[in-house]
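Chemist: So that we are looking at the same thing, I have put the structure below in structure tokens.
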Amino acid sequence: MKRIILFGLVLVLLAGCSMIADGVNTVEIMSDMQVEIDRANKGIDTYDKMIAQYEEVLNLESKLVDPTTPEGKELVEQVASKLTEAQNEANSYEDQVKELKASIPQLEEAANKFNDEELKKQANQFVSDFKASVETELKYTAKYKELLELHQMLNKEYSTGKIPDDTEYQTLFAEIQKLDEELAKQVNQYNDSWGTFHKNVTENKLK
């Protein structure tokens, strides 16, 4: 499962230029947008920990042959512990994405400061694309939490020596992969709309 995170936006303030053609302070607006977009990167460490812990779970399970042996029981306990850690990180990550969603109105406010209708339209397109990606990431995170919880249940069942039915797990995993692909497209979309907007702002700055 590849990393899903909102990143890659580098907002370059227009050095030596404080105004664009419609008389709005570009640096102020771009700074406002930078503050909110920086929130998108705050969760990277949390996300990385969550994914790393789950990868450890899968690695431990690859060594598990018989869960009823002393060695097997120890591995099952380690799997349960790592799953709990991943669940804690997933909860933290979800909270951070929710904070990001809560910041969208500030981005919308910044976009609407432009008087030039074309710039305002492009700024709002970027914000709309960015908002869509945040909504998808929330869905992704919720499904990922479901997956971890289900995996914990399957691990408990496996600890008794039974082979659990992983049909629901496979279904959830497929849904997560689909959201992963959708989010990747949305990240590309908001980067494209940002590029169009930023290029227009740069070209319209006062000499």
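Letters A, B, ... go to the chains of the structure tokens in the order shown; residues in each chain start at 1; ligands are counted from 1 in the same order.
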So that I can check the surroundings of Ala90 (chain A), please list as a ChimeraX atom specification every protein, DNA and RNA residue that reaches within 9 Å of it, counting only C-alpha atoms and ignoring chain neighbours fewer than 6 positions away.
Modeler: /A:46-47,50,141-142,144-145,148
Chemist: Return the single residue from A:Thr68, A:Thr196, A:Gln96, A:Ser62 that is closest to Gly161 (chain A), with distances computed using only C-alpha atoms.
Modeler: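 Closest to Gly161 (chain A) of all the choices is A:Thr68.
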Chemist: My list of candidates is A:Ser159, A:Gln189, A:Ser92, A:Thr202. Which is closest to Glu74 (chain A) when distances are computed with only C-alpha atoms?
Modeler: A:Ser159
Chemist: Would you mind reading off the distance between CA of Leu147 (chain A) and CA of Asp166 (chain A), one decimal, in Å?
Modeler: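 Between CA of Leu147 (chain A) and CA of Asp166 (chain A) the gap is 10.9 Å.
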Chemist: Need the shell around Gln53 (chain A): protein/DNA/RNA residues with any atom at most 10 Å away, counting only C-alpha atoms. Skip same-chain ones fewer than 2 positions apart. Format as a JSON list (two decimals) with N, CA, C and O atoms, in the first residue's frame?
Modeler:
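File out.json, as written:
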```
[["chain", "number", "residue", "atom", "x", "y", "z"],
["A", 47, "TYR", "N", 1.57, 9.36, 9.69],
["A", 47, "TYR", "CA", 1.20, 8.41, 8.64],
["A", 47, "TYR", "C", 2.31, 7.38, 8.44],
["A", 47, "TYR", "O", 2.05, 6.17, 8.35],
["A", 48, "ASP", "N", 3.55, 7.85, 8.39],
["A", 48, "ASP", "CA", 4.68, 6.95, 8.18],
["A", 48, "ASP", "C", 4.78, 5.91, 9.29],
["A", 48, "ASP", "O", 5.06, 4.73, 9.04],
["A", 49, "LYS", "N", 4.54, 6.34, 10.53],
["A", 49, "LYS", "CA", 4.59, 5.41, 11.66],
["A", 49, "LYS", "C", 3.49, 4.37, 11.55],
["A", 49, "LYS", "O", 3.71, 3.18, 11.81],
["A", 50, "MET", "N", 2.30, 4.82, 11.17],
["A", 50, "MET", "CA", 1.16, 3.92, 11.03],
["A", 50, "MET", "C", 1.45, 2.84, 9.98],
["A", 50, "MET", "O", 1.23, 1.64, 10.22],
["A", 51, "ILE", "N", 1.97, 3.26, 8.84],
["A", 51, "ILE", "CA", 2.28, 2.32, 7.76],
["A", 51, "ILE", "C", 3.43, 1.40, 8.16],
["A", 51, "ILE", "O", 3.39, 0.19, 7.90],
["A", 55, "GLU", "N", 3.39, -2.67, 8.38],
["A", 55, "GLU", "CA", 4.34, -3.48, 7.62],
["A", 55, "GLU", "C", 5.05, -4.47, 8.55],
["A", 55, "GLU", "O", 5.35, -5.60, 8.17],
["A", 56, "GLU", "N", 5.32, -4.03, 9.79],
["A", 56, "GLU", "CA", 5.91, -4.93, 10.78],
["A", 56, "GLU", "C", 4.96, -6.06, 11.12],
["A", 56, "GLU", "O", 5.37, -7.20, 11.34],
["A", 57, "VAL", "N", 3.66, -5.74, 11.18],
["A", 57, "VAL", "CA", 2.64, -6.77, 11.43],
["A", 57, "VAL", "C", 2.71, -7.84, 10.35],
["A", 57, "VAL", "O", 2.75, -9.05, 10.64],
["A", 58, "LEU", "N", 2.73, -7.41, 9.10],
["A", 58, "LEU", "CA", 2.77, -8.36, 7.99],
["A", 58, "LEU", "C", 4.06, -9.17, 7.99],
["A", 58, "LEU", "O", 4.06, -10.36, 7.66],
["A", 59, "ASN", "N", 5.15, -8.52, 8.38],
["A", 59, "ASN", "CA", 6.43, -9.22, 8.45],
["A", 59, "ASN", "C", 6.41, -10.29, 9.55],
["A", 59, "ASN", "O", 6.90, -11.41, 9.35],
["A", 79, "VAL", "N", 2.11, -9.37, 17.12],
["A", 79, "VAL", "CA", 1.22, -8.86, 16.07],
["A", 79, "VAL", "C", 0.13, -7.99, 16.68],
["A", 79, "VAL", "O", -0.16, -6.89, 16.20],
["A", 81, "SER", "N", 0.18, -6.39, 19.50],
["A", 81, "SER", "CA", 0.77, -5.16, 20.03],
["A", 81, "SER", "C", 1.03, -4.15, 18.91],
["A", 81, "SER", "O", 0.72, -2.95, 19.06],
["A", 82, "LYS", "N", 1.58, -4.62, 17.79],
["A", 82, "LYS", "CA", 1.87, -3.73, 16.67],
["A", 82, "LYS", "C", 0.58, -3.20, 16.04],
["A", 82, "LYS", "O", 0.51, -2.05, 15.61],
["A", 83, "LEU", "N", -0.45, -4.03, 16.01],
["A", 83, "LEU", "CA", -1.73, -3.58, 15.47],
["A", 83, "LEU", "C", -2.32, -2.47, 16.35],
["A", 83, "LEU", "O", -2.88, -1.50, 15.85],
["A", 84, "THR", "N", -2.17, -2.62, 17.67],
["A", 84, "THR", "CA", -2.65, -1.59, 18.59],
["A", 84, "THR", "C", -1.91, -0.27, 18.36],
["A", 84, "THR", "O", -2.52, 0.81, 18.35],
["A", 85, "GLU", "N", -0.60, -0.37, 18.18],
["A", 85, "GLU", "CA", 0.19, 0.83, 17.91],
["A", 85, "GLU", "C", -0.25, 1.49, 16.60],
["A", 85, "GLU", "O", -0.38, 2.73, 16.52],
["A", 86, "ALA", "N", -0.49, 0.67, 15.59],
["A", 86, "ALA", "CA", -0.95, 1.20, 14.30],
["A", 86, "ALA", "C", -2.32, 1.85, 14.44],
["A", 86, "ALA", "O", -2.58, 2.90, 13.82],
["A", 87, "GLN", "N", -3.18, 1.26, 15.25],
["A", 87, "GLN", "CA", -4.51, 1.84, 15.48],
["A", 87, "GLN", "C", -4.41, 3.20, 16.17],
["A", 87, "GLN", "O", -5.15, 4.13, 15.83],
["A", 89, "GLU", "N", -1.89, 5.29, 15.99],
["A", 89, "GLU", "CA", -1.38, 6.24, 15.00],
["A", 89, "GLU", "C", -2.46, 6.61, 13.99],
["A", 89, "GLU", "O", -2.55, 7.76, 13.55]]
```
Chemist: For CA of Lys143 (chain A) and CA of Leu179 (chain A), quote the distance in Å rounded to one decimal.
Modeler: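 Going from CA of Lys143 (chain A) over to CA of Leu179 (chain A), I get 9.2 Å.
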Chemist: Calculate how many Å separate CA of Asp180 (chain A) from CA of Gln78 (chain A), rounding to one decimal.
Modeler: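 Pair CA of Asp180 (chain A) / CA of Gln78 (chain A) returns 27.9 Å.
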Chemist: Let me make sure I understand: among A:Gln125, A:Lys162, A:Thr136, A:Gln170, which one has the smallest atom-to-atom distance to His198 (chain A) if we use only C-alpha atoms?
Modeler: A:Gln125
Chemist: Tell me which of A:Asp165, A:Ala52, A:Tyr158, A:Lys185 sits closest to Leu64 (chain A), counting only C-alpha atoms.
Modeler: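 With only C-alpha atoms as the atom set, the closest residue is A:Tyr158.
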Chemist: Show me, as a PyMOL selection string, the residues that have an atom within 8 Å of Leu119 (chain A) when counting only C-alpha atoms, minus same-chain residues fewer than 6 positions from it.
Modeler: chain A and resi 197+200-201
Chemist: What's the 9 Å shell around Lys156 (chain A), counting only C-alpha atoms, without same-chain residues fewer than 5 positions away, as a list in words?
Modeler: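 That gives Val76, Ala80 and His151 of chain A.
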Chemist: Those same residues - all heavy atoms - I'd like them written as a CSV table (one decimal), in the first residue's frame.
Modeler:
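The file below, result_1.csv, is the result:
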```csv
chain,number,residue,atom,x,y,z
A,76,VAL,N,2.1,-14.0,17.9
A,76,VAL,CA,0.7,-13.6,17.9
A,76,VAL,C,0.5,-12.3,18.8
A,76,VAL,O,-0.1,-11.4,18.4
A,76,VAL,CB,-0.3,-14.7,18.3
A,76,VAL,CG1,-1.7,-14.1,18.6
A,76,VAL,CG2,-0.4,-15.7,17.2
A,80,ALA,N,-0.5,-8.5,17.8
A,80,ALA,CA,-1.5,-7.7,18.4
A,80,ALA,C,-1.0,-6.4,18.9
A,80,ALA,O,-1.7,-5.4,18.8
A,80,ALA,CB,-2.1,-8.5,19.6
A,151,HIS,N,-8.3,-6.8,11.3
A,151,HIS,CA,-7.1,-7.6,11.4
A,151,HIS,C,-6.9,-8.0,12.9
A,151,HIS,O,-6.4,-9.1,13.1
A,151,HIS,CB,-5.9,-6.8,10.9
A,151,HIS,CG,-4.8,-7.6,10.5
A,151,HIS,ND1,-3.9,-7.3,9.5
A,151,HIS,CD2,-4.3,-8.8,11.0
A,151,HIS,CE1,-3.0,-8.2,9.3
A,151,HIS,NE2,-3.2,-9.1,10.3
```
Chemist: Out of A:Ala174, A:Ala184, A:Val134, A:Met153, which residue has the shortest atom-to-atom distance to Glu99 (chain A) when counting only C-alpha atoms?
Modeler: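 Closest to Glu99 (chain A) of all the choices is A:Val134.
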